[in-house]
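**Q** Submitted below is the structure of interest, expressed as structure tokens.
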Amino acid sequence: MQTVAQALQWAVAELSAVSPADDAQLDARWLLAHLLGKNQTWLRAFAEQVLPDADFQKYCGWIARRRAGEPVAYIGGCQGFWNFELEVTADTLVPRPDTELLVETALELLDAAAKNVVDLGTGTGAIALALKSERPEWQVLATDIDATSLALAQRNAQRLGLAIGMRESCWLRDLGAEKFQLIVSNPPYIRADDPHLAGAGVRFEPLRALVSGVDGLDAIREIVAAAPDHLCSGGWLLLEHGYDQGAAVRGLLQARGFHAVETRRDLGGNERVTLGRWF
């Protein structure tokens with residue numbers, strides 16, 4: 001039989017073999033708290049509580065998965081984003097804090113009056129749901145080429161009580177003549193030969209949501225080319241991209257005829273979101 005303290009001590013030792021000590025501590029505590037349905041305060045207050053054998057065995061399995069590099073979000077089945085928690089599965093990317101810049105920029109550009117907005121390649125629904133949570137008057141449509149991802153986004157929307165539309169579409173191809181005041185997307189933008197694809201965590205995520213051609217810009221090219229046909233006059237296109245792709249994405253938007261093209265930096269100082277306005 002293992003107490004909470006003993007289980008954590010063992011888990012930290014296991015994870016420290018492959019991760020920095022601080023990360024090992026955070027992961028070990030988060031996974032145990034999530035498994036038990038408790039919080040960090042409970043773990044400290046009940047450190048001598050004996051764990052049921054079934055819980056400890058499940059925890060051992062989770063720690064083995066984490067030691068192999070699997071993201072904690074996939075192991076625990078959830079990830080925090082914006083001001084809520086999302087269900088996450090291995091069918092979608094794990095939502096990242098950098099993507100919150102896309103949400104912040106969209107909210108800054110448009111007021112709270114009713115707007116038509118589309119999130120292309122929604123995955124978990126993170127961007128669409130964050131926008132709807134802050135702008136209830138907006139009509140938000142979430143699209144994805146993968147029906148499984150759309151079903152996940154729908155579950156997240158229902159659990160959060162946020163009413164957004166769902167549509168199966170490859171970028172803008174299946175949206176007919178619909179027009180929007182805002183198009184947002186965090187598309188795949190990694191080069192097919194990028195060595196980071198073999199790194200811890202990323203290798204567990206779906207390649208279709210990560211890789212986009214030889215230079216990582218295929219999806220962005222398609223979205224930029226098609227967006228003017230789906231933007232109202234004065235509408236905005238916002239795209240997340242790689243830290244070293246800002247200049248290339250600005251060039252694509254300018255060549256297509258977008259105005260007020262600029263790139264915003266994330267908290268790490270990296271160019272992360274490029275936007276342009278269509279008239």
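Ordering of the structure tokens sets the chain letters (A, B, ...), residue numbers begin anew at 1 in every chain, and ligands are numbered from 1 in the order given.
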Near range 179-181 of chain A, counting only C-alpha atoms, which residues have an atom at most 10 Å away, once you skip same-chain residues fewer than 5 positions from it, shown as a list in words?
**A**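 Close residues of range 179-181 of chain A: Leu110, Ala114, Lys115, Asn116, Val117, Val118, Gln139, Val140, Leu141, Ala227, Pro228, Asp229, His230, Leu231, Cys232, Ser233, Gly234, Gly235, Trp236, Leu237, Arg277 and Trp278 of chain A.
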**Q** What are the DSSP helix (DSSP H, G or I) residues of range 92-264 of chain A, as a ChimeraX atom specification?
**A** /A:97-109,126-134,147-160,195-198,202-204,207-209,218-230,246-256
**Q** With only C-alpha atoms as the atoms that count, which of A:Gln2, A:Thr122, A:Thr105, A:Gln254 lies nearest to Asp91 in chain A?
**A**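 That would be A:Thr122, the residue with the smallest distance to Asp91 in chain A.
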**Q** Would you kindly return, as a ChimeraX atom specification, each protein, DNA or RNA residue with an atom no farther than 10 Å from any atom of range 20-24 of chain A, considering only C-alpha atoms and excluding same-chain residues fewer than 4 positions away?
**A** /A:8,11-16,28-30,66-67
**Q** For Phe204 in chain A, find every residue with an atom within 8 Å (counting only C-alpha atoms), except residues of its own chain fewer than 6 positions away, and show them as a PDB file with N, CA and C atoms, in the first residue's frame.
**A**
```pdb
ATOM      1  N   GLU A  70       4.488  11.214 -23.458  1.00  0.00           N
ATOM      2  CA  GLU A  70       3.112  11.566 -23.816  1.00  0.00           C
ATOM      3  C   GLU A  70       2.675  12.799 -23.031  1.00  0.00           C
ATOM      4  N   PRO A  71       2.031  13.760 -23.697  1.00  0.00           N
ATOM      5  CA  PRO A  71       1.596  14.978 -22.982  1.00  0.00           C
ATOM      6  C   PRO A  71       0.634  14.658 -21.845  1.00  0.00           C
ATOM      7  N   ALA A  90      -6.262  12.435 -28.303  1.00  0.00           N
ATOM      8  CA  ALA A  90      -5.122  12.345 -29.207  1.00  0.00           C
ATOM      9  C   ALA A  90      -5.504  12.638 -30.655  1.00  0.00           C
TER      10      ALA A  90
END
```
**Q** Can you pull out every residue within 7 Å of Tyr243 in chain A, counting only C-alpha atoms, but drop anything in the same chain fewer than 5 positions away, and send it as a JSON list (two decimals) with N, CA and C atoms, in the first residue's frame?
**A**
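Heads up, here's the output in selection.json:
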```json
[["chain", "number", "residue", "atom", "x", "y", "z"],
["A", 270, "ASN", "N", 8.23, 36.04, -29.47],
["A", 270, "ASN", "CA", 8.28, 35.47, -30.81],
["A", 270, "ASN", "C", 7.11, 35.96, -31.67],
["A", 271, "GLU", "N", 7.35, 36.21, -32.94],
["A", 271, "GLU", "CA", 6.27, 36.55, -33.86],
["A", 271, "GLU", "C", 5.33, 35.35, -33.95],
["A", 272, "ARG", "N", 4.04, 35.57, -33.66],
["A", 272, "ARG", "CA", 3.14, 34.43, -33.50],
["A", 272, "ARG", "C", 1.82, 34.58, -34.26]]
```
**Q** If DSSP is run on the backbone, what residues of range 37-176 of chain A are strand (DSSP E or B)? A reply as a ChimeraX atom specification would be ideal.
**A** /A:50,78-81,84-87,116-120,139-144,165-168
**Q** Let me see the file: selected residues, N, CA and C atoms, as a tab-separated table (two decimals), in the first residue's frame.
**A**
```tsv
chain	number	residue	atom	x	y	z
A	50	VAL	N	-3.71	6.70	2.58
A	50	VAL	CA	-3.34	5.51	1.80
A	50	VAL	C	-4.18	5.45	0.53
A	78	CYS	N	-7.60	16.32	-20.42
A	78	CYS	CA	-8.09	17.70	-20.36
A	78	CYS	C	-6.91	18.67	-20.38
A	79	GLN	N	-7.24	19.93	-20.73
A	79	GLN	CA	-6.22	20.98	-20.77
A	79	GLN	C	-6.89	22.32	-20.53
A	80	GLY	N	-6.27	23.14	-19.71
A	80	GLY	CA	-6.78	24.48	-19.48
A	80	GLY	C	-6.47	25.39	-20.66
A	81	PHE	N	-7.43	26.25	-21.01
A	81	PHE	CA	-7.23	27.25	-22.06
A	81	PHE	C	-8.15	28.42	-21.77
A	84	PHE	N	-11.19	28.39	-19.04
A	84	PHE	CA	-11.96	27.16	-18.85
A	84	PHE	C	-11.08	25.94	-19.14
A	85	GLU	N	-11.64	24.79	-18.92
A	85	GLU	CA	-10.93	23.53	-19.16
A	85	GLU	C	-11.59	22.80	-20.31
A	86	LEU	N	-10.79	22.24	-21.20
A	86	LEU	CA	-11.28	21.55	-22.38
A	86	LEU	C	-10.97	20.06	-22.30
A	87	GLU	N	-11.91	19.27	-22.78
A	87	GLU	CA	-11.60	17.86	-23.01
A	87	GLU	C	-10.63	17.77	-24.18
A	116	ASN	N	-20.26	37.94	-37.47
A	116	ASN	CA	-20.11	36.57	-37.96
A	116	ASN	C	-18.63	36.23	-37.96
A	117	VAL	N	-18.29	35.15	-37.27
A	117	VAL	CA	-16.89	34.77	-37.08
A	117	VAL	C	-16.73	33.29	-37.40
A	118	VAL	N	-15.62	32.93	-38.03
A	118	VAL	CA	-15.35	31.51	-38.29
A	118	VAL	C	-13.95	31.16	-37.81
A	119	ASP	N	-13.84	30.02	-37.14
A	119	ASP	CA	-12.57	29.46	-36.67
A	119	ASP	C	-12.28	28.25	-37.53
A	120	LEU	N	-11.23	28.32	-38.35
A	120	LEU	CA	-10.89	27.25	-39.28
A	120	LEU	C	-9.94	26.24	-38.63
A	139	GLN	N	-21.88	35.46	-33.71
A	139	GLN	CA	-22.25	34.18	-34.30
A	139	GLN	C	-20.96	33.48	-34.70
A	140	VAL	N	-20.58	32.48	-33.93
A	140	VAL	CA	-19.28	31.83	-34.12
A	140	VAL	C	-19.48	30.46	-34.75
A	141	LEU	N	-18.78	30.23	-35.86
A	141	LEU	CA	-18.81	28.95	-36.56
A	141	LEU	C	-17.44	28.29	-36.42
A	142	ALA	N	-17.42	27.03	-36.00
A	142	ALA	CA	-16.17	26.26	-35.89
A	142	ALA	C	-16.15	25.21	-36.99
A	143	THR	N	-15.05	25.14	-37.73
A	143	THR	CA	-14.95	24.14	-38.79
A	143	THR	C	-13.72	23.26	-38.57
A	144	ASP	N	-13.82	22.05	-39.11
A	144	ASP	CA	-12.68	21.14	-39.10
A	144	ASP	C	-12.91	20.09	-40.17
A	165	GLY	N	-21.76	27.25	-33.90
A	165	GLY	CA	-22.05	26.38	-35.03
A	165	GLY	C	-20.88	25.45	-35.31
A	166	MET	N	-21.17	24.32	-35.94
A	166	MET	CA	-20.15	23.35	-36.30
A	166	MET	C	-20.32	22.99	-37.78
A	167	ARG	N	-19.22	22.90	-38.51
A	167	ARG	CA	-19.30	22.54	-39.92
A	167	ARG	C	-18.07	21.75	-40.32
A	168	GLU	N	-18.27	20.64	-41.02
A	168	GLU	CA	-17.15	19.88	-41.55
A	168	GLU	C	-16.69	20.55	-42.84
```
**Q** Let me make sure I understand: among A:Thr3, A:Ser149, A:Thr41, A:Gln245, which one has the smallest atom-to-atom distance to Phe56 in chain A if we use only C-alpha atoms?
**A** A:Thr3
**Q** With distances taken over only C-alpha atoms, which residue among A:Ala157, A:Ala112, A:Val202, A:Ala7 lies nearest Trp138 in chain A?
**A**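 Ranked by minimum distance to Trp138 in chain A, first place goes to A:Ala112.
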**Q** Restricting the calculation to only C-alpha atoms: of A:Phe279, A:Gly246, A:Ala128, A:Gly77, which residue gets closest to Phe258 in chain A?
**A**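 The closest residue to Phe258 in chain A is A:Phe279.
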**Q** For Leu150 in chain A, which of A:Tyr74, A:Thr89, A:Asp193, A:Met1 is the closest residue, counting only C-alpha atoms?
**A**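 Closest candidate: A:Thr89.
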**Q** Restricting the calculation to only C-alpha atoms: of A:Val184, A:Arg208, A:Ile190, A:Ala33, which residue gets closest to Phe46 in chain A?
**A**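 Between A:Val184, A:Arg208, A:Ile190, A:Ala33, the residue approaching Phe46 in chain A most closely is A:Ala33.
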